[in-house]
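**Q** Dropping in coords_7.cif, which is mmCIF, N, CA and C atoms and all ligand atoms:
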```cif
data_run
#
loop_
_atom_site.label_atom_id
_atom_site.label_comp_id
_atom_site.auth_asym_id
_atom_site.auth_seq_id
_atom_site.Cartn_x
_atom_site.Cartn_y
_atom_site.Cartn_z
N MET A 182 -74.48 74.97 -96.96
CA MET A 182 -73.17 74.96 -96.33
C MET A 182 -72.14 75.50 -97.31
N ILE A 183 -71.25 76.27 -96.76
CA ILE A 183 -70.20 76.86 -97.60
C ILE A 183 -68.84 76.47 -97.03
N ILE A 184 -67.95 76.06 -97.87
CA ILE A 184 -66.54 75.89 -97.48
C ILE A 184 -65.74 76.97 -98.20
N ARG A 185 -64.92 77.64 -97.42
CA ARG A 185 -64.12 78.75 -97.96
C ARG A 185 -62.67 78.29 -98.01
N LYS A 186 -62.04 78.44 -99.17
CA LYS A 186 -60.64 78.03 -99.33
C LYS A 186 -59.86 79.16 -99.99
N GLU A 187 -58.62 79.32 -99.57
CA GLU A 187 -57.79 80.38 -100.12
C GLU A 187 -56.61 79.82 -100.89
N TYR A 188 -56.33 80.44 -102.01
CA TYR A 188 -55.19 80.06 -102.84
C TYR A 188 -54.46 81.32 -103.27
N LYS A 189 -53.25 81.13 -103.80
CA LYS A 189 -52.53 82.29 -104.33
C LYS A 189 -51.64 81.86 -105.49
N PHE A 190 -51.33 82.79 -106.34
CA PHE A 190 -50.35 82.54 -107.39
C PHE A 190 -49.72 83.88 -107.79
N TYR A 191 -48.54 83.77 -108.37
CA TYR A 191 -47.82 84.95 -108.83
C TYR A 191 -47.90 84.97 -110.34
N ALA A 192 -48.24 86.11 -110.92
CA ALA A 192 -48.33 86.17 -112.38
C ALA A 192 -48.08 87.59 -112.86
N ALA A 193 -47.63 87.67 -114.11
CA ALA A 193 -47.43 88.96 -114.76
C ALA A 193 -48.61 89.21 -115.70
N HIS A 194 -48.86 90.44 -116.00
CA HIS A 194 -49.86 90.81 -117.00
C HIS A 194 -49.76 92.29 -117.31
N ARG A 195 -50.57 92.73 -118.21
CA ARG A 195 -50.77 94.16 -118.42
C ARG A 195 -52.17 94.32 -118.99
N ASN A 196 -52.68 95.54 -118.93
CA ASN A 196 -53.96 95.79 -119.58
C ASN A 196 -53.73 96.80 -120.69
N GLU A 197 -53.64 96.27 -121.92
CA GLU A 197 -53.29 97.08 -123.08
C GLU A 197 -54.39 98.07 -123.45
N GLU A 198 -55.59 97.89 -122.90
CA GLU A 198 -56.68 98.82 -123.21
C GLU A 198 -56.58 100.13 -122.43
N LEU A 199 -55.88 100.07 -121.29
CA LEU A 199 -55.85 101.22 -120.41
C LEU A 199 -54.68 102.14 -120.75
N LEU A 200 -54.88 103.42 -120.50
CA LEU A 200 -53.82 104.38 -120.81
C LEU A 200 -53.14 104.86 -119.53
N ASP A 201 -53.17 104.04 -118.51
CA ASP A 201 -52.50 104.42 -117.25
C ASP A 201 -51.39 103.42 -116.93
N LYS A 202 -50.95 103.39 -115.69
CA LYS A 202 -49.82 102.54 -115.31
C LYS A 202 -50.08 101.05 -115.56
N CYS A 203 -51.33 100.64 -115.60
CA CYS A 203 -51.67 99.22 -115.79
C CYS A 203 -51.34 98.72 -117.19
N ARG A 204 -51.02 99.65 -118.09
CA ARG A 204 -50.60 99.27 -119.44
C ARG A 204 -49.20 98.64 -119.44
N ASN A 205 -48.40 99.00 -118.44
CA ASN A 205 -47.06 98.42 -118.31
C ASN A 205 -47.14 96.96 -117.86
N ILE A 206 -46.15 96.19 -118.30
CA ILE A 206 -46.08 94.81 -117.81
C ILE A 206 -45.72 94.88 -116.32
N HIS A 207 -46.50 94.21 -115.51
CA HIS A 207 -46.25 94.21 -114.07
C HIS A 207 -46.76 92.90 -113.48
N GLY A 208 -46.46 92.69 -112.23
CA GLY A 208 -46.85 91.42 -111.60
C GLY A 208 -47.75 91.63 -110.40
N HIS A 209 -48.45 90.57 -110.06
CA HIS A 209 -49.28 90.57 -108.85
C HIS A 209 -49.08 89.26 -108.11
N ARG A 210 -49.25 89.34 -106.80
CA ARG A 210 -49.44 88.12 -106.03
C ARG A 210 -50.96 87.99 -105.93
N TYR A 211 -51.53 87.25 -106.85
CA TYR A 211 -52.98 87.13 -106.90
C TYR A 211 -53.47 86.26 -105.74
N GLY A 212 -54.50 86.71 -105.12
CA GLY A 212 -55.16 85.90 -104.08
C GLY A 212 -56.49 85.43 -104.63
N LEU A 213 -56.82 84.20 -104.36
CA LEU A 213 -58.11 83.65 -104.79
C LEU A 213 -58.79 83.02 -103.59
N VAL A 214 -60.00 83.48 -103.30
CA VAL A 214 -60.79 82.86 -102.24
C VAL A 214 -62.01 82.24 -102.89
N CYS A 215 -62.19 80.95 -102.68
CA CYS A 215 -63.34 80.24 -103.26
C CYS A 215 -64.35 79.94 -102.16
N PHE A 216 -65.61 80.16 -102.46
CA PHE A 216 -66.70 79.80 -101.56
C PHE A 216 -67.48 78.68 -102.24
N PHE A 217 -67.28 77.46 -101.74
CA PHE A 217 -67.90 76.28 -102.36
C PHE A 217 -69.23 75.96 -101.68
N GLU A 218 -70.23 75.68 -102.50
CA GLU A 218 -71.50 75.17 -101.97
C GLU A 218 -71.35 73.67 -101.82
N VAL A 219 -71.53 73.19 -100.60
CA VAL A 219 -71.36 71.75 -100.35
C VAL A 219 -72.56 71.20 -99.59
N GLU A 220 -72.75 69.90 -99.70
CA GLU A 220 -73.81 69.23 -98.94
C GLU A 220 -73.19 68.18 -98.05
N ARG A 221 -73.77 68.06 -96.88
CA ARG A 221 -73.27 67.07 -95.92
C ARG A 221 -73.53 65.66 -96.45
N LYS A 222 -72.49 64.81 -96.35
CA LYS A 222 -72.66 63.39 -96.64
C LYS A 222 -72.19 62.67 -95.38
N GLY A 223 -73.12 62.28 -94.52
CA GLY A 223 -72.72 61.73 -93.23
C GLY A 223 -72.14 62.82 -92.36
N SER A 224 -70.99 62.59 -91.78
CA SER A 224 -70.44 63.57 -90.85
C SER A 224 -69.62 64.66 -91.55
N ILE A 225 -69.35 64.48 -92.83
CA ILE A 225 -68.58 65.52 -93.55
C ILE A 225 -69.25 65.84 -94.88
N SER A 226 -68.77 66.90 -95.54
CA SER A 226 -69.28 67.23 -96.87
C SER A 226 -68.22 66.86 -97.91
N THR A 227 -67.13 67.60 -97.89
CA THR A 227 -66.04 67.38 -98.84
C THR A 227 -64.73 67.45 -98.07
N LEU A 228 -63.81 66.63 -98.42
CA LEU A 228 -62.48 66.72 -97.80
C LEU A 228 -61.77 67.94 -98.36
N PHE A 229 -61.16 68.72 -97.49
CA PHE A 229 -60.44 69.92 -97.95
C PHE A 229 -59.38 69.52 -98.98
N SER A 230 -58.80 68.35 -98.79
CA SER A 230 -57.75 67.92 -99.71
C SER A 230 -58.30 67.66 -101.12
N ASP A 231 -59.60 67.38 -101.24
CA ASP A 231 -60.18 67.18 -102.58
C ASP A 231 -60.13 68.47 -103.39
N PHE A 232 -60.35 69.60 -102.70
CA PHE A 232 -60.26 70.89 -103.39
C PHE A 232 -58.81 71.16 -103.79
N ASP A 233 -57.93 71.00 -102.81
CA ASP A 233 -56.53 71.36 -103.03
C ASP A 233 -55.89 70.52 -104.12
N ALA A 234 -56.21 69.23 -104.13
CA ALA A 234 -55.58 68.33 -105.11
C ALA A 234 -55.82 68.83 -106.52
N LYS A 235 -57.03 69.27 -106.78
CA LYS A 235 -57.35 69.72 -108.15
C LYS A 235 -56.97 71.18 -108.38
N ILE A 236 -57.37 72.03 -107.45
CA ILE A 236 -57.25 73.48 -107.71
C ILE A 236 -55.82 73.96 -107.54
N GLU A 237 -55.15 73.52 -106.49
CA GLU A 237 -53.76 73.97 -106.30
C GLU A 237 -52.87 73.54 -107.46
N SER A 238 -53.04 72.29 -107.89
CA SER A 238 -52.18 71.82 -108.97
C SER A 238 -52.53 72.52 -110.29
N TYR A 239 -53.81 72.83 -110.49
CA TYR A 239 -54.22 73.56 -111.70
C TYR A 239 -53.61 74.96 -111.71
N LEU A 240 -53.71 75.65 -110.58
CA LEU A 240 -53.16 77.01 -110.51
C LEU A 240 -51.66 76.99 -110.70
N LYS A 241 -51.02 75.99 -110.10
CA LYS A 241 -49.56 75.89 -110.20
C LYS A 241 -49.11 75.69 -111.65
N SER A 242 -49.82 74.86 -112.38
CA SER A 242 -49.35 74.57 -113.74
C SER A 242 -49.87 75.55 -114.79
N HIS A 243 -50.97 76.25 -114.54
CA HIS A 243 -51.51 77.15 -115.56
C HIS A 243 -51.33 78.63 -115.26
N TYR A 244 -51.26 79.00 -113.98
CA TYR A 244 -51.25 80.43 -113.64
C TYR A 244 -49.97 80.88 -112.96
N ASP A 245 -49.38 80.02 -112.12
CA ASP A 245 -48.29 80.48 -111.27
C ASP A 245 -47.02 80.76 -112.08
N HIS A 246 -46.45 81.94 -111.87
CA HIS A 246 -45.27 82.40 -112.62
C HIS A 246 -45.51 82.36 -114.12
N ALA A 247 -46.74 82.57 -114.51
CA ALA A 247 -47.09 82.68 -115.93
C ALA A 247 -47.31 84.16 -116.24
N MET A 248 -47.47 84.42 -117.53
CA MET A 248 -47.92 85.74 -117.94
C MET A 248 -49.33 85.58 -118.47
N LEU A 249 -50.26 86.30 -117.85
CA LEU A 249 -51.62 86.34 -118.35
C LEU A 249 -51.59 87.26 -119.55
N ILE A 250 -52.02 86.78 -120.70
CA ILE A 250 -51.90 87.63 -121.90
C ILE A 250 -53.09 87.45 -122.83
N ASN A 251 -53.53 88.59 -123.36
CA ASN A 251 -54.57 88.62 -124.37
C ASN A 251 -53.91 88.28 -125.72
N VAL A 252 -54.35 87.23 -126.37
CA VAL A 252 -53.72 86.83 -127.64
C VAL A 252 -53.95 87.87 -128.73
N ASN A 253 -54.86 88.81 -128.50
CA ASN A 253 -55.08 89.91 -129.46
C ASN A 253 -54.23 91.14 -129.16
N ASP A 254 -53.48 91.08 -128.06
CA ASP A 254 -52.55 92.16 -127.72
C ASP A 254 -51.31 92.00 -128.60
N PRO A 255 -50.89 93.03 -129.35
CA PRO A 255 -49.70 92.91 -130.21
C PRO A 255 -48.46 92.41 -129.46
N LEU A 256 -48.41 92.64 -128.15
CA LEU A 256 -47.28 92.15 -127.35
C LEU A 256 -47.16 90.63 -127.41
N TYR A 257 -48.30 89.95 -127.57
CA TYR A 257 -48.29 88.49 -127.61
C TYR A 257 -47.42 87.99 -128.78
N LEU A 258 -47.60 88.58 -129.96
CA LEU A 258 -46.81 88.17 -131.13
C LEU A 258 -45.33 88.50 -130.93
N THR A 259 -45.08 89.63 -130.28
CA THR A 259 -43.68 90.01 -130.00
C THR A 259 -43.03 88.95 -129.11
N LEU A 260 -43.75 88.51 -128.09
CA LEU A 260 -43.20 87.50 -127.18
C LEU A 260 -43.07 86.14 -127.87
N CYS A 261 -44.01 85.82 -128.76
CA CYS A 261 -43.90 84.57 -129.53
C CYS A 261 -42.67 84.61 -130.42
N ASP A 262 -42.44 85.78 -131.02
CA ASP A 262 -41.26 85.96 -131.87
C ASP A 262 -39.99 85.76 -131.04
N HIS A 263 -39.96 86.33 -129.85
CA HIS A 263 -38.81 86.17 -128.95
C HIS A 263 -38.56 84.68 -128.66
N MET A 264 -39.61 83.96 -128.39
CA MET A 264 -39.46 82.53 -128.08
C MET A 264 -38.94 81.76 -129.29
N ASN A 265 -39.44 82.12 -130.48
CA ASN A 265 -38.98 81.46 -131.71
C ASN A 265 -37.49 81.72 -131.96
N ARG A 266 -37.08 82.96 -131.70
CA ARG A 266 -35.69 83.32 -131.95
C ARG A 266 -34.73 82.72 -130.94
N THR A 267 -35.16 82.64 -129.68
CA THR A 267 -34.23 82.26 -128.61
C THR A 267 -34.42 80.83 -128.11
N GLY A 268 -35.56 80.24 -128.43
CA GLY A 268 -35.83 78.91 -127.91
C GLY A 268 -36.34 78.92 -126.48
N GLU A 269 -36.49 80.13 -125.91
CA GLU A 269 -37.06 80.22 -124.56
C GLU A 269 -38.52 79.83 -124.62
N ASP A 270 -39.02 79.33 -123.51
CA ASP A 270 -40.41 78.88 -123.48
C ASP A 270 -41.12 79.53 -122.29
N PHE A 271 -41.79 80.65 -122.55
CA PHE A 271 -42.52 81.34 -121.49
C PHE A 271 -43.83 80.62 -121.20
N ARG A 272 -44.23 80.67 -119.95
CA ARG A 272 -45.55 80.14 -119.60
C ARG A 272 -46.58 81.25 -119.77
N PHE A 273 -47.51 81.03 -120.68
CA PHE A 273 -48.60 81.99 -120.89
C PHE A 273 -49.91 81.39 -120.41
N LYS A 274 -50.73 82.22 -119.81
CA LYS A 274 -52.14 81.87 -119.62
C LYS A 274 -52.88 82.76 -120.61
N LYS A 275 -53.34 82.13 -121.70
CA LYS A 275 -53.90 82.91 -122.80
C LYS A 275 -55.37 83.27 -122.56
N PHE A 276 -55.65 84.52 -122.84
CA PHE A 276 -57.02 85.04 -122.79
C PHE A 276 -57.37 85.49 -124.22
N ASN A 277 -58.63 85.49 -124.54
CA ASN A 277 -59.08 86.06 -125.82
C ASN A 277 -59.58 87.49 -125.65
N GLU A 278 -59.30 88.05 -124.48
CA GLU A 278 -59.76 89.39 -124.13
C GLU A 278 -58.74 89.95 -123.14
N PRO A 279 -58.82 91.24 -122.80
CA PRO A 279 -57.86 91.81 -121.85
C PRO A 279 -57.83 91.05 -120.51
N THR A 280 -56.68 91.09 -119.85
CA THR A 280 -56.49 90.29 -118.64
C THR A 280 -56.89 91.06 -117.38
N SER A 281 -58.01 91.73 -117.46
CA SER A 281 -58.53 92.47 -116.29
C SER A 281 -58.93 91.47 -115.21
N VAL A 282 -59.09 91.96 -114.00
CA VAL A 282 -59.50 91.08 -112.90
C VAL A 282 -60.91 90.53 -113.15
N GLU A 283 -61.73 91.31 -113.86
CA GLU A 283 -63.07 90.84 -114.21
C GLU A 283 -62.99 89.61 -115.12
N ASN A 284 -62.13 89.71 -116.15
CA ASN A 284 -62.00 88.58 -117.09
C ASN A 284 -61.27 87.41 -116.45
N LEU A 285 -60.29 87.69 -115.60
CA LEU A 285 -59.61 86.62 -114.86
C LEU A 285 -60.62 85.87 -114.00
N SER A 286 -61.51 86.60 -113.36
CA SER A 286 -62.52 85.95 -112.50
C SER A 286 -63.43 85.05 -113.32
N TRP A 287 -63.79 85.51 -114.50
CA TRP A 287 -64.61 84.68 -115.40
C TRP A 287 -63.89 83.36 -115.71
N HIS A 288 -62.60 83.44 -116.05
CA HIS A 288 -61.85 82.23 -116.37
C HIS A 288 -61.74 81.31 -115.16
N LEU A 289 -61.37 81.86 -114.02
CA LEU A 289 -61.18 81.02 -112.83
C LEU A 289 -62.49 80.36 -112.41
N PHE A 290 -63.57 81.12 -112.42
CA PHE A 290 -64.87 80.56 -112.02
C PHE A 290 -65.26 79.43 -112.97
N SER A 291 -65.05 79.65 -114.28
CA SER A 291 -65.42 78.64 -115.28
C SER A 291 -64.55 77.39 -115.13
N GLU A 292 -63.26 77.58 -114.92
CA GLU A 292 -62.34 76.44 -114.84
C GLU A 292 -62.58 75.62 -113.59
N ILE A 293 -62.83 76.28 -112.47
CA ILE A 293 -63.06 75.55 -111.21
C ILE A 293 -64.42 74.84 -111.27
N SER A 294 -65.40 75.48 -111.89
CA SER A 294 -66.72 74.83 -112.06
C SER A 294 -66.58 73.59 -112.93
N ALA A 295 -65.75 73.68 -113.98
CA ALA A 295 -65.57 72.55 -114.89
C ALA A 295 -64.90 71.36 -114.19
N MET A 296 -64.24 71.61 -113.06
CA MET A 296 -63.64 70.52 -112.28
C MET A 296 -64.69 69.76 -111.47
N GLY A 297 -65.92 70.28 -111.48
CA GLY A 297 -67.01 69.61 -110.77
C GLY A 297 -67.38 70.24 -109.45
N PHE A 298 -66.75 71.38 -109.10
CA PHE A 298 -67.08 72.06 -107.86
C PHE A 298 -68.20 73.08 -108.10
N VAL A 299 -69.02 73.28 -107.07
CA VAL A 299 -70.11 74.26 -107.17
C VAL A 299 -69.70 75.50 -106.36
N LEU A 300 -69.51 76.59 -107.07
CA LEU A 300 -69.07 77.83 -106.43
C LEU A 300 -70.25 78.75 -106.18
N GLU A 301 -70.27 79.36 -105.01
CA GLU A 301 -71.24 80.42 -104.73
C GLU A 301 -70.67 81.74 -105.24
N LYS A 302 -69.38 81.94 -104.96
CA LYS A 302 -68.68 83.14 -105.43
C LYS A 302 -67.19 82.92 -105.28
N ILE A 303 -66.42 83.79 -105.90
CA ILE A 303 -64.99 83.83 -105.66
C ILE A 303 -64.59 85.28 -105.37
N GLU A 304 -63.47 85.42 -104.68
CA GLU A 304 -62.89 86.74 -104.48
C GLU A 304 -61.50 86.69 -105.09
N VAL A 305 -61.18 87.67 -105.92
CA VAL A 305 -59.86 87.71 -106.54
C VAL A 305 -59.17 89.01 -106.12
N LYS A 306 -57.98 88.84 -105.55
CA LYS A 306 -57.22 89.98 -105.04
C LYS A 306 -56.02 90.25 -105.91
N GLU A 307 -55.92 91.45 -106.44
CA GLU A 307 -54.71 91.85 -107.16
C GLU A 307 -53.73 92.53 -106.20
N THR A 308 -54.27 93.21 -105.24
CA THR A 308 -53.44 93.88 -104.23
C THR A 308 -54.07 93.61 -102.87
N ASP A 309 -53.34 93.98 -101.81
CA ASP A 309 -53.85 93.73 -100.47
C ASP A 309 -55.13 94.51 -100.19
N SER A 310 -55.28 95.66 -100.85
CA SER A 310 -56.43 96.50 -100.50
C SER A 310 -57.58 96.41 -101.49
N SER A 311 -57.40 95.68 -102.60
CA SER A 311 -58.46 95.61 -103.61
C SER A 311 -58.90 94.17 -103.84
N VAL A 312 -60.16 93.92 -103.57
CA VAL A 312 -60.71 92.58 -103.73
C VAL A 312 -61.88 92.65 -104.69
N PHE A 313 -61.86 91.81 -105.69
CA PHE A 313 -62.95 91.74 -106.66
C PHE A 313 -63.83 90.55 -106.29
N VAL A 314 -65.09 90.81 -106.03
CA VAL A 314 -66.02 89.74 -105.65
C VAL A 314 -66.87 89.38 -106.86
N TYR A 315 -66.87 88.10 -107.19
CA TYR A 315 -67.51 87.64 -108.43
C TYR A 315 -68.44 86.48 -108.06
N SER A 316 -69.73 86.69 -108.26
CA SER A 316 -70.73 85.72 -107.80
C SER A 316 -71.18 84.81 -108.93
N LYS A 317 -71.92 83.79 -108.54
CA LYS A 317 -72.51 82.89 -109.54
C LYS A 317 -73.41 83.69 -110.49
N HIS A 318 -74.09 84.67 -109.96
CA HIS A 318 -74.95 85.54 -110.77
C HIS A 318 -74.11 86.27 -111.84
N ASP A 319 -72.95 86.78 -111.44
CA ASP A 319 -72.06 87.45 -112.40
C ASP A 319 -71.59 86.46 -113.48
N TRP A 320 -71.30 85.25 -113.03
CA TRP A 320 -70.81 84.22 -113.96
C TRP A 320 -71.88 83.88 -115.00
N ILE A 321 -73.11 83.75 -114.54
CA ILE A 321 -74.22 83.43 -115.46
C ILE A 321 -74.39 84.57 -116.48
N ASN A 322 -74.29 85.81 -116.01
CA ASN A 322 -74.37 86.96 -116.93
C ASN A 322 -73.21 86.97 -117.91
N ASP A 323 -72.00 86.70 -117.42
CA ASP A 323 -70.82 86.69 -118.28
C ASP A 323 -70.89 85.56 -119.31
N LYS A 324 -71.47 84.44 -118.90
CA LYS A 324 -71.62 83.30 -119.82
C LYS A 324 -72.39 83.73 -121.06
N LYS A 325 -73.46 84.48 -120.85
CA LYS A 325 -74.27 84.97 -121.98
C LYS A 325 -73.41 85.87 -122.86
N LEU A 326 -72.62 86.73 -122.24
CA LEU A 326 -71.76 87.66 -122.96
C LEU A 326 -70.67 86.93 -123.74
N PHE A 327 -69.94 86.04 -123.05
CA PHE A 327 -68.79 85.37 -123.67
C PHE A 327 -69.23 84.34 -124.70
N LEU A 328 -70.28 83.61 -124.41
CA LEU A 328 -70.68 82.56 -125.35
C LEU A 328 -71.35 83.14 -126.59
N LYS A 329 -71.89 84.34 -126.46
CA LYS A 329 -72.47 85.03 -127.62
C LYS A 329 -71.37 85.45 -128.60
N ASN A 330 -70.20 85.81 -128.00
CA ASN A 330 -69.08 86.30 -128.80
C ASN A 330 -68.28 85.19 -129.47
N CYS A 331 -68.58 83.94 -129.14
CA CYS A 331 -67.80 82.83 -129.71
C CYS A 331 -68.17 82.57 -131.17
ZN ZN B 401 -52.37 94.51 -112.76
#
```
Rewrite the coordinates I just gave you, this time as structure tokens.

**A**
Amino acid sequence: MIIRKEYKFYAAHRNEELLDKCRNIHGHRYGLVCFFEVERKGSISTLFSDFDAKIESYLKSHYDHAMLINVNDPLYLTLCDHMNRTGEDFRFKKFNEPTSVENLSWHLFSEISAMGFVLEKIEVKETDSSVFVYSKHDWINDKKLFLKNC
């Protein structure tokens, strides 16, 4: 059985590795669709509110109106310097790698799994016409890649 849930958040980012328009700081209304593997317990499997209570609040406090940023991007130090000088406090969602949709999917899949949910796949939308589909198989492969680099 699969339960499908949709979430969204607004965030800024850039991809410093690319030499095209994506190198500029820009924003997205990110869409996240989660496909949860669930088992029936009596007449229901999981209350929809159980997903929302954890995932919506997590996205709101860590991703929404944040800047997704690679801490190895020189821009990160520039923004830290700005905060030190002005006392402003930007919300960052820190990555140790570029903030591509592939790497964002890795983070979201890992974080939602760590909450105790079993995901079959997620879909991450940067724009209305582009959807990145990231499966459990992709996550297992990425785990080998990311954990090797630690
Ligand atoms: Zn982008």

**Q** When distances are computed from only N, CA and C atoms, which of A:Tyr315, A:Asn265, A:Phe232, A:Thr280 shows the smallest separation from Asn196 in chain A?

**A** A:Thr280

**Q** Using only N, CA and C atoms and all ligand atoms, which of A:Val305, A:Ile321, A:Val282, A:Ala247 sits nearest ligand ZN 401 (chain B)?

**A** A:Val282

**Q** Kindly compile the residues surrounding ligand ZN 401 (chain B) within 12 Å, counting only C-alpha atoms and all ligand atoms, and format them as a VMD selection string.

**A** chain A and resid 191 to 197 199 201 to 211 248 to 250 279 to 283 285 305 to 308 311

**Q** Any idea what the distance is between atom C of Ile183 in chain A and atom C of Ser291 in chain A?

**A**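 Atom C of Ile183 in chain A sits 18.6 Å away from atom C of Ser291 in chain A.
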
**Q** One decimal, Å: what's the distance from atom N of Ile236 in chain A over to atom N of Glu269 in chain A, could you say?

**A** 29.0 Å

**Q** Got a sec: who's within 6 Å of Asn253 in chain A, counting all atoms listed in the file, leaving out chain neighbours fewer than 2 positions off, as JSON, numbers by chain?

**A** {"A": [251, 255, 276, 277]}

**Q** Please return, as an MDAnalysis selection string, all polymer residues that have at least one atom within 9 Å of the point (-69.0, 70.2, -104.6); use only C-alpha atoms and the file's own coordinate frame.

**A** chainID A and resid 217:220 226:227 232 297:300

**Q** Dig up all the protein and nucleic acid residues within 12 Å of (-58.1, 67.9, -109.6) in the file frame, using only C-alpha atoms, and format them as a PDB file with N, CA and C atoms, in the frame of the given file.

**A**
```pdb
ATOM      1  N   SER A 230     -58.800  68.350 -98.790  1.00  0.00           N
ATOM      2  CA  SER A 230     -57.750  67.920 -99.710  1.00  0.00           C
ATOM      3  C   SER A 230     -58.300  67.660-101.120  1.00  0.00           C
ATOM      4  N   ASP A 231     -59.600  67.380-101.240  1.00  0.00           N
ATOM      5  CA  ASP A 231     -60.180  67.180-102.580  1.00  0.00           C
ATOM      6  C   ASP A 231     -60.130  68.470-103.390  1.00  0.00           C
ATOM      7  N   PHE A 232     -60.350  69.600-102.700  1.00  0.00           N
ATOM      8  CA  PHE A 232     -60.260  70.890-103.390  1.00  0.00           C
ATOM      9  C   PHE A 232     -58.810  71.160-103.790  1.00  0.00           C
ATOM     10  N   ASP A 233     -57.930  71.000-102.810  1.00  0.00           N
ATOM     11  CA  ASP A 233     -56.530  71.360-103.030  1.00  0.00           C
ATOM     12  C   ASP A 233     -55.890  70.520-104.120  1.00  0.00           C
ATOM     13  N   ALA A 234     -56.210  69.230-104.130  1.00  0.00           N
ATOM     14  CA  ALA A 234     -55.580  68.330-105.110  1.00  0.00           C
ATOM     15  C   ALA A 234     -55.820  68.830-106.520  1.00  0.00           C
ATOM     16  N   LYS A 235     -57.030  69.270-106.780  1.00  0.00           N
ATOM     17  CA  LYS A 235     -57.350  69.720-108.150  1.00  0.00           C
ATOM     18  C   LYS A 235     -56.970  71.180-108.380  1.00  0.00           C
ATOM     19  N   ILE A 236     -57.370  72.030-107.450  1.00  0.00           N
ATOM     20  CA  ILE A 236     -57.250  73.480-107.710  1.00  0.00           C
ATOM     21  C   ILE A 236     -55.820  73.960-107.540  1.00  0.00           C
ATOM     22  N   GLU A 237     -55.150  73.520-106.490  1.00  0.00           N
ATOM     23  CA  GLU A 237     -53.760  73.970-106.300  1.00  0.00           C
ATOM     24  C   GLU A 237     -52.870  73.540-107.460  1.00  0.00           C
ATOM     25  N   SER A 238     -53.040  72.290-107.890  1.00  0.00           N
ATOM     26  CA  SER A 238     -52.180  71.820-108.970  1.00  0.00           C
ATOM     27  C   SER A 238     -52.530  72.520-110.290  1.00  0.00           C
ATOM     28  N   TYR A 239     -53.810  72.830-110.490  1.00  0.00           N
ATOM     29  CA  TYR A 239     -54.220  73.560-111.700  1.00  0.00           C
ATOM     30  C   TYR A 239     -53.610  74.960-111.710  1.00  0.00           C
ATOM     31  N   LEU A 240     -53.710  75.650-110.580  1.00  0.00           N
ATOM     32  CA  LEU A 240     -53.160  77.010-110.510  1.00  0.00           C
ATOM     33  C   LEU A 240     -51.660  76.990-110.700  1.00  0.00           C
ATOM     34  N   LYS A 241     -51.020  75.990-110.100  1.00  0.00           N
ATOM     35  CA  LYS A 241     -49.560  75.890-110.200  1.00  0.00           C
ATOM     36  C   LYS A 241     -49.110  75.690-111.650  1.00  0.00           C
ATOM     37  N   SER A 242     -49.820  74.860-112.380  1.00  0.00           N
ATOM     38  CA  SER A 242     -49.350  74.570-113.740  1.00  0.00           C
ATOM     39  C   SER A 242     -49.870  75.550-114.790  1.00  0.00           C
ATOM     40  N   GLU A 292     -63.260  77.580-114.920  1.00  0.00           N
ATOM     41  CA  GLU A 292     -62.340  76.440-114.840  1.00  0.00           C
ATOM     42  C   GLU A 292     -62.580  75.620-113.590  1.00  0.00           C
ATOM     43  N   ILE A 293     -62.830  76.280-112.470  1.00  0.00           N
ATOM     44  CA  ILE A 293     -63.060  75.550-111.210  1.00  0.00           C
ATOM     45  C   ILE A 293     -64.420  74.840-111.270  1.00  0.00           C
ATOM     46  N   SER A 294     -65.400  75.480-111.890  1.00  0.00           N
ATOM     47  CA  SER A 294     -66.720  74.830-112.060  1.00  0.00           C
ATOM     48  C   SER A 294     -66.580  73.590-112.930  1.00  0.00           C
ATOM     49  N   ALA A 295     -65.750  73.680-113.980  1.00  0.00           N
ATOM     50  CA  ALA A 295     -65.570  72.550-114.890  1.00  0.00           C
ATOM     51  C   ALA A 295     -64.900  71.360-114.190  1.00  0.00           C
ATOM     52  N   MET A 296     -64.240  71.610-113.060  1.00  0.00           N
ATOM     53  CA  MET A 296     -63.640  70.520-112.280  1.00  0.00           C
ATOM     54  C   MET A 296     -64.690  69.760-111.470  1.00  0.00           C
ATOM     55  N   GLY A 297     -65.920  70.280-111.480  1.00  0.00           N
ATOM     56  CA  GLY A 297     -67.010  69.610-110.770  1.00  0.00           C
ATOM     57  C   GLY A 297     -67.380  70.240-109.450  1.00  0.00           C
ATOM     58  N   PHE A 298     -66.750  71.380-109.100  1.00  0.00           N
ATOM     59  CA  PHE A 298     -67.080  72.060-107.860  1.00  0.00           C
ATOM     60  C   PHE A 298     -68.200  73.080-108.100  1.00  0.00           C
TER      61      PHE A 298
END
```

**Q** How many Å lie between atom C of Lys189 in chain A and atom C of Met264 in chain A, rounded to one decimal?

**A**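 Answer for the atom C of Lys189 in chain A to atom C of Met264 in chain A separation: 27.0 Å.
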